[in-house]
Amino acid sequence: MKEIINNILTHIGQVQLPPPSYFDSLKTYTVKKVSDADTFDVVANDSDAEITVRFAYIDTPETPKGWGDSQVEKMNRKNENQLYRSQFEWGEKGKDRLQELVEKSGNQVKVKITGEEKRPGRSPRCFGEVYLLDGTFVQHILVQEGLARIYYDYISECPREIAIMLFLAEADAQINQLGIWQEIQSEFLAPWLFRSLKSKQKKFLKDISKELKEGAITEAEFESKFESKLQQQNKILSTIFADLKNGIITQPEFEDKCKEELKNLFA
């Protein structure tokens with residue numbers, strides 16, 4: 001029975017979404033820059049104003065940010081943190097795939113704006129459904145190929161028929177171990193959990209960097225403190241991952257436990 005259900009999900013999950021009824025009325029944009037697999041900068045063909053569009057309903061693995069994140073990224077590379085390796089590897093693959101899709105569409109896309117975020121000191125960021133000129137729903141393709149996850153915190157804002165197809169596409173990718181789903185479970189965190197972890201690591205590094213600057217600790221002690229914290233982090237995550245794999249906790253419980261344990265660790 002399980003095999004039959006999986007087979008049904010696989011075939012349904014591979015179905016392509018037809019363009020929505022409002023597709024022809026959507027404004028066309030020229031893509032200027034792909035930042036990562038779920039964000040790009042565009043200019044409307046009837047305007048000179050450049051806007052940043054964050055893809056609605058999905059979340060994709062992170063790419064290296066540099067700048068304010070350079071220290072935490074450097075320290076994790078130095079300690080060969082597999083969570084960073086897998087996150088950035090799939091983030092880059094997703095970005096490359098989006099670039100490929102955009103170029104296939106002549107760098108032209110249609111976007112249905114679903115929301116806007118005000119960013120002090122920066123241009124506003126819009127959220128939207130993104131379509132290639134042939135009607136292909138980009139979010140669906142990325143989820144279907146295992147290069148994106150459904151962003152469950154915001155999926156309630158998604159039209160019902162689109163949400164159903166995204167759920168089926170994600171189930172298909174997971175069953176067939178496509179993209180991120182082929183990763184060893186203990187070496188990959190959902191993007192939203194990864195960002196939360198990274199933020200906590202940054203704060204911890206900021207605190208011990210202050211101690212280093214004040215001469216309270218040496219460079220060797222600074223590195224040892226971070227390495228020790230990573231070891232504790234990995235031990236905690238390993239235990240939680242094992243509970244998930246063994247069916248002791250559900251996926252929502254796994255995420256709640258990750259947030260709680262990591263918050264306590266970096267408190």
# chains A, B, ... in the order shown; residues from 1 in each chain; ligands from 1
call {"tool": "residues_around", "arguments": {"residues": "Phe55 in chain A", "least_positions_apart": "6", "cutoff": "8 Å", "atoms": "only C-alpha atoms", "output": "ChimeraX atom specification"}}
result
/A:38-39,127-130,139
call {"tool": "residues_around", "arguments": {"residues": "Ala148 in chain A", "least_positions_apart": "2", "cutoff": "7 Å", "atoms": "only C-alpha atoms", "output": "list in words"}}
result
Ile58, Asp59, Thr60, Pro61, Leu142, Val143, Gly146 and Ile150 of chain A
call {"tool": "write_last_selection", "arguments": {"atoms": "C-alpha atoms", "output": "PDB file, in the first residue's frame"}}
result
ATOM      1  CA  ILE A  58       8.912  28.897  -0.401  1.00  0.00           C
ATOM      2  CA  ASP A  59      12.278  29.089   1.327  1.00  0.00           C
ATOM      3  CA  THR A  60      15.569  28.010  -0.222  1.00  0.00           C
ATOM      4  CA  PRO A  61      18.968  27.079   1.229  1.00  0.00           C
ATOM      5  CA  LEU A 142      12.236  24.684  -7.378  1.00  0.00           C
ATOM      6  CA  VAL A 143      10.185  22.660  -4.880  1.00  0.00           C
ATOM      7  CA  GLY A 146      14.265  19.556  -4.275  1.00  0.00           C
ATOM      8  CA  ILE A 150       7.578  25.045   1.342  1.00  0.00           C
TER       9      ILE A 150
END
call {"tool": "closest_atom_pairs", "arguments": {"of": "range 183-225 of chain A", "to": "range 240-254 of chain A", "cutoff": "10 Å", "atoms": "only C-alpha atoms", "output": "tab-separated table"}}
result
residue	atom	partner	partner_atom	distance
A:Gln185	CA	A:Phe241	CA	7.1
A:Ser186	CA	A:Phe241	CA	5.8
A:Glu187	CA	A:Phe241	CA	9.4
call {"tool": "write_last_selection", "arguments": {"atoms": "C-alpha atoms", "output": "mmCIF file, in the first residue's frame"}}
result
data_model
loop_
_atom_site.group_PDB
_atom_site.id
_atom_site.type_symbol
_atom_site.label_atom_id
_atom_site.label_comp_id
_atom_site.auth_asym_id
_atom_site.auth_seq_id
_atom_site.Cartn_x
_atom_site.Cartn_y
_atom_site.Cartn_z
ATOM 1 C CA GLN A 185 19.275 14.251 7.619
ATOM 2 C CA SER A 186 21.715 15.157 10.379
ATOM 3 C CA GLU A 187 23.754 17.336 8.010
#
call {"tool": "closest_residue", "arguments": {"among": "A:Ile180, A:Ser224, A:Lys229, A:Val138", "to": "Leu101 in chain A", "atoms": "only C-alpha atoms"}}
result
A:Val138
call {"tool": "select_by_dssp", "arguments": {"residues": "range 12-254 of chain A", "states": "alpha helix (DSSP H)", "output": "number ranges by chain"}}
result
A: 12-13, 70-78, 82-104, 138-144, 160-175, 191-213, 219-245, 251-254
call {"tool": "select_by_dssp", "arguments": {"residues": "range 49-183 of chain A", "states": "strand (DSSP E)", "output": "list in words"}}
result
Glu50, Ile51, Thr52, Val53, Arg54, Phe55, Ile58, Asp59, Gln108, Val109, Lys110, Val111, Lys112, Ile113, Thr114, Gly115, Glu116, Glu117, Arg125, Cys126, Phe127, Gly128, Glu129, Val130, Tyr131, Leu132, Arg149 and Ile150 of chain A
call {"tool": "closest_atom_pairs", "arguments": {"of": "range 84-124 of chain A", "to": "range 190-208 of chain A", "cutoff": "12 Å", "atoms": "only C-alpha atoms", "output": "Markdown table"}}
result
| residue | atom | partner | partner_atom | distance |
| --- | --- | --- | --- | --- |
| A:Tyr84 | CA | A:Phe194 | CA | 8.4 |
| A:Arg85 | CA | A:Phe194 | CA | 11.6 |
| A:Ser86 | CA | A:Ala190 | CA | 10.7 |
| A:Gln87 | CA | A:Pro191 | CA | 7.6 |
| A:Phe88 | CA | A:Pro191 | CA | 10.2 |
| A:Trp90 | CA | A:Pro191 | CA | 10.5 |
| A:Gly91 | CA | A:Pro191 | CA | 9.4 |
call {"tool": "atom_distance", "arguments": {"atom1": "CA of Trp181 in chain A", "atom2": "CA of Gln82 in chain A"}}
result
15.2 Å
call {"tool": "residues_around", "arguments": {"residues": "range 40-50 of chain A", "least_positions_apart": "5", "cutoff": "6 Å", "atoms": "only C-alpha atoms", "output": "PDB file with N, CA, C and O atoms, in the first residue's frame"}}
result
ATOM      1  N   TYR A  29       8.525  41.845 -16.064  1.00  0.00           N
ATOM      2  CA  TYR A  29       9.724  42.462 -15.489  1.00  0.00           C
ATOM      3  C   TYR A  29      10.981  41.889 -16.149  1.00  0.00           C
ATOM      4  O   TYR A  29      10.991  40.742 -16.600  1.00  0.00           O
ATOM      5  N   THR A  30      12.020  42.714 -16.175  1.00  0.00           N
ATOM      6  CA  THR A  30      13.335  42.244 -16.623  1.00  0.00           C
ATOM      7  C   THR A  30      14.175  41.948 -15.394  1.00  0.00           C
ATOM      8  O   THR A  30      14.282  42.781 -14.493  1.00  0.00           O
ATOM      9  N   VAL A  31      14.744  40.742 -15.340  1.00  0.00           N
ATOM     10  CA  VAL A  31      15.572  40.356 -14.196  1.00  0.00           C
ATOM     11  C   VAL A  31      16.964  40.959 -14.351  1.00  0.00           C
ATOM     12  O   VAL A  31      17.633  40.755 -15.365  1.00  0.00           O
ATOM     13  N   LYS A  32      17.392  41.712 -13.343  1.00  0.00           N
ATOM     14  CA  LYS A  32      18.699  42.367 -13.371  1.00  0.00           C
ATOM     15  C   LYS A  32      19.769  41.599 -12.603  1.00  0.00           C
ATOM     16  O   LYS A  32      20.935  41.588 -12.982  1.00  0.00           O
ATOM     17  N   LYS A  33      19.348  40.961 -11.511  1.00  0.00           N
ATOM     18  CA  LYS A  33      20.320  40.238 -10.686  1.00  0.00           C
ATOM     19  C   LYS A  33      19.639  39.140  -9.899  1.00  0.00           C
ATOM     20  O   LYS A  33      18.606  39.363  -9.269  1.00  0.00           O
ATOM     21  N   VAL A  34      20.203  37.926  -9.944  1.00  0.00           N
ATOM     22  CA  VAL A  34      19.733  36.813  -9.118  1.00  0.00           C
ATOM     23  C   VAL A  34      20.611  36.766  -7.880  1.00  0.00           C
ATOM     24  O   VAL A  34      21.816  36.531  -7.976  1.00  0.00           O
ATOM     25  N   SER A  35      20.024  37.010  -6.706  1.00  0.00           N
ATOM     26  CA  SER A  35      20.793  37.042  -5.454  1.00  0.00           C
ATOM     27  C   SER A  35      20.963  35.645  -4.873  1.00  0.00           C
ATOM     28  O   SER A  35      22.038  35.281  -4.399  1.00  0.00           O
TER      29      SER A  35
END
call {"tool": "atom_distance", "arguments": {"atom1": "CA of Ser238 in chain A", "atom2": "CA of Cys258 in chain A"}}
result
10.4 Å
call {"tool": "closest_residue", "arguments": {"among": "A:Glu183, A:Gln231, A:Leu147, A:Cys158", "to": "Glu170 in chain A", "atoms": "only C-alpha atoms"}}
result
A:Leu147
call {"tool": "closest_residue", "arguments": {"among": "A:Glu219, A:Pro18, A:Thr52, A:Glu62", "to": "Gly94 in chain A", "atoms": "only C-alpha atoms"}}
result
A:Glu62
call {"tool": "decode", "arguments": {"residues": "range 13-29 of chain A", "atoms": "N, CA and C atoms", "output": "CSV table (one decimal), in the first residue's frame"}}
result
chain,number,residue,atom,x,y,z
A,13,GLY,N,3.0,14.6,-8.3
A,13,GLY,CA,4.0,15.6,-7.9
A,13,GLY,C,4.7,16.1,-9.1
A,14,GLN,N,4.8,15.3,-10.2
A,14,GLN,CA,5.6,15.7,-11.4
A,14,GLN,C,4.7,16.5,-12.4
A,15,VAL,N,3.4,16.6,-12.1
A,15,VAL,CA,2.5,17.4,-13.0
A,15,VAL,C,2.9,18.8,-12.9
A,16,GLN,N,2.9,19.5,-14.1
A,16,GLN,CA,3.2,20.9,-14.2
A,16,GLN,C,1.9,21.7,-14.0
A,17,LEU,N,2.0,22.8,-13.2
A,17,LEU,CA,0.9,23.7,-13.0
A,17,LEU,C,0.6,24.4,-14.3
A,18,PRO,N,-0.7,24.5,-14.6
A,18,PRO,CA,-1.1,25.4,-15.8
A,18,PRO,C,-1.0,26.9,-15.3
A,19,PRO,N,-0.8,27.8,-16.2
A,19,PRO,CA,-0.8,29.2,-15.8
A,19,PRO,C,-2.1,29.6,-15.1
A,20,PRO,N,-2.0,30.5,-14.1
A,20,PRO,CA,-3.3,30.9,-13.4
A,20,PRO,C,-4.1,31.7,-14.4
A,21,SER,N,-5.4,31.9,-14.0
A,21,SER,CA,-6.3,32.7,-14.9
A,21,SER,C,-5.9,34.1,-15.0
A,22,TYR,N,-5.1,34.6,-14.0
A,22,TYR,CA,-4.7,36.0,-14.1
A,22,TYR,C,-3.3,36.2,-14.7
A,23,PHE,N,-2.7,35.2,-15.3
A,23,PHE,CA,-1.4,35.2,-15.8
A,23,PHE,C,-1.2,36.3,-16.9
A,24,ASP,N,-2.1,36.4,-17.8
A,24,ASP,CA,-2.0,37.4,-18.9
A,24,ASP,C,-2.0,38.8,-18.4
A,25,SER,N,-2.7,39.1,-17.3
A,25,SER,CA,-2.8,40.4,-16.8
A,25,SER,C,-1.6,40.9,-15.9
A,26,LEU,N,-0.7,39.9,-15.6
A,26,LEU,CA,0.5,40.3,-14.8
A,26,LEU,C,1.5,41.1,-15.5
A,27,LYS,N,2.1,42.0,-14.8
A,27,LYS,CA,3.1,42.9,-15.3
A,27,LYS,C,4.4,42.1,-15.6
A,28,THR,N,5.1,42.5,-16.7
A,28,THR,CA,6.3,41.8,-17.1
A,28,THR,C,7.5,42.6,-16.6
A,29,TYR,N,8.5,41.8,-16.1
A,29,TYR,CA,9.7,42.5,-15.5
A,29,TYR,C,11.0,41.9,-16.1
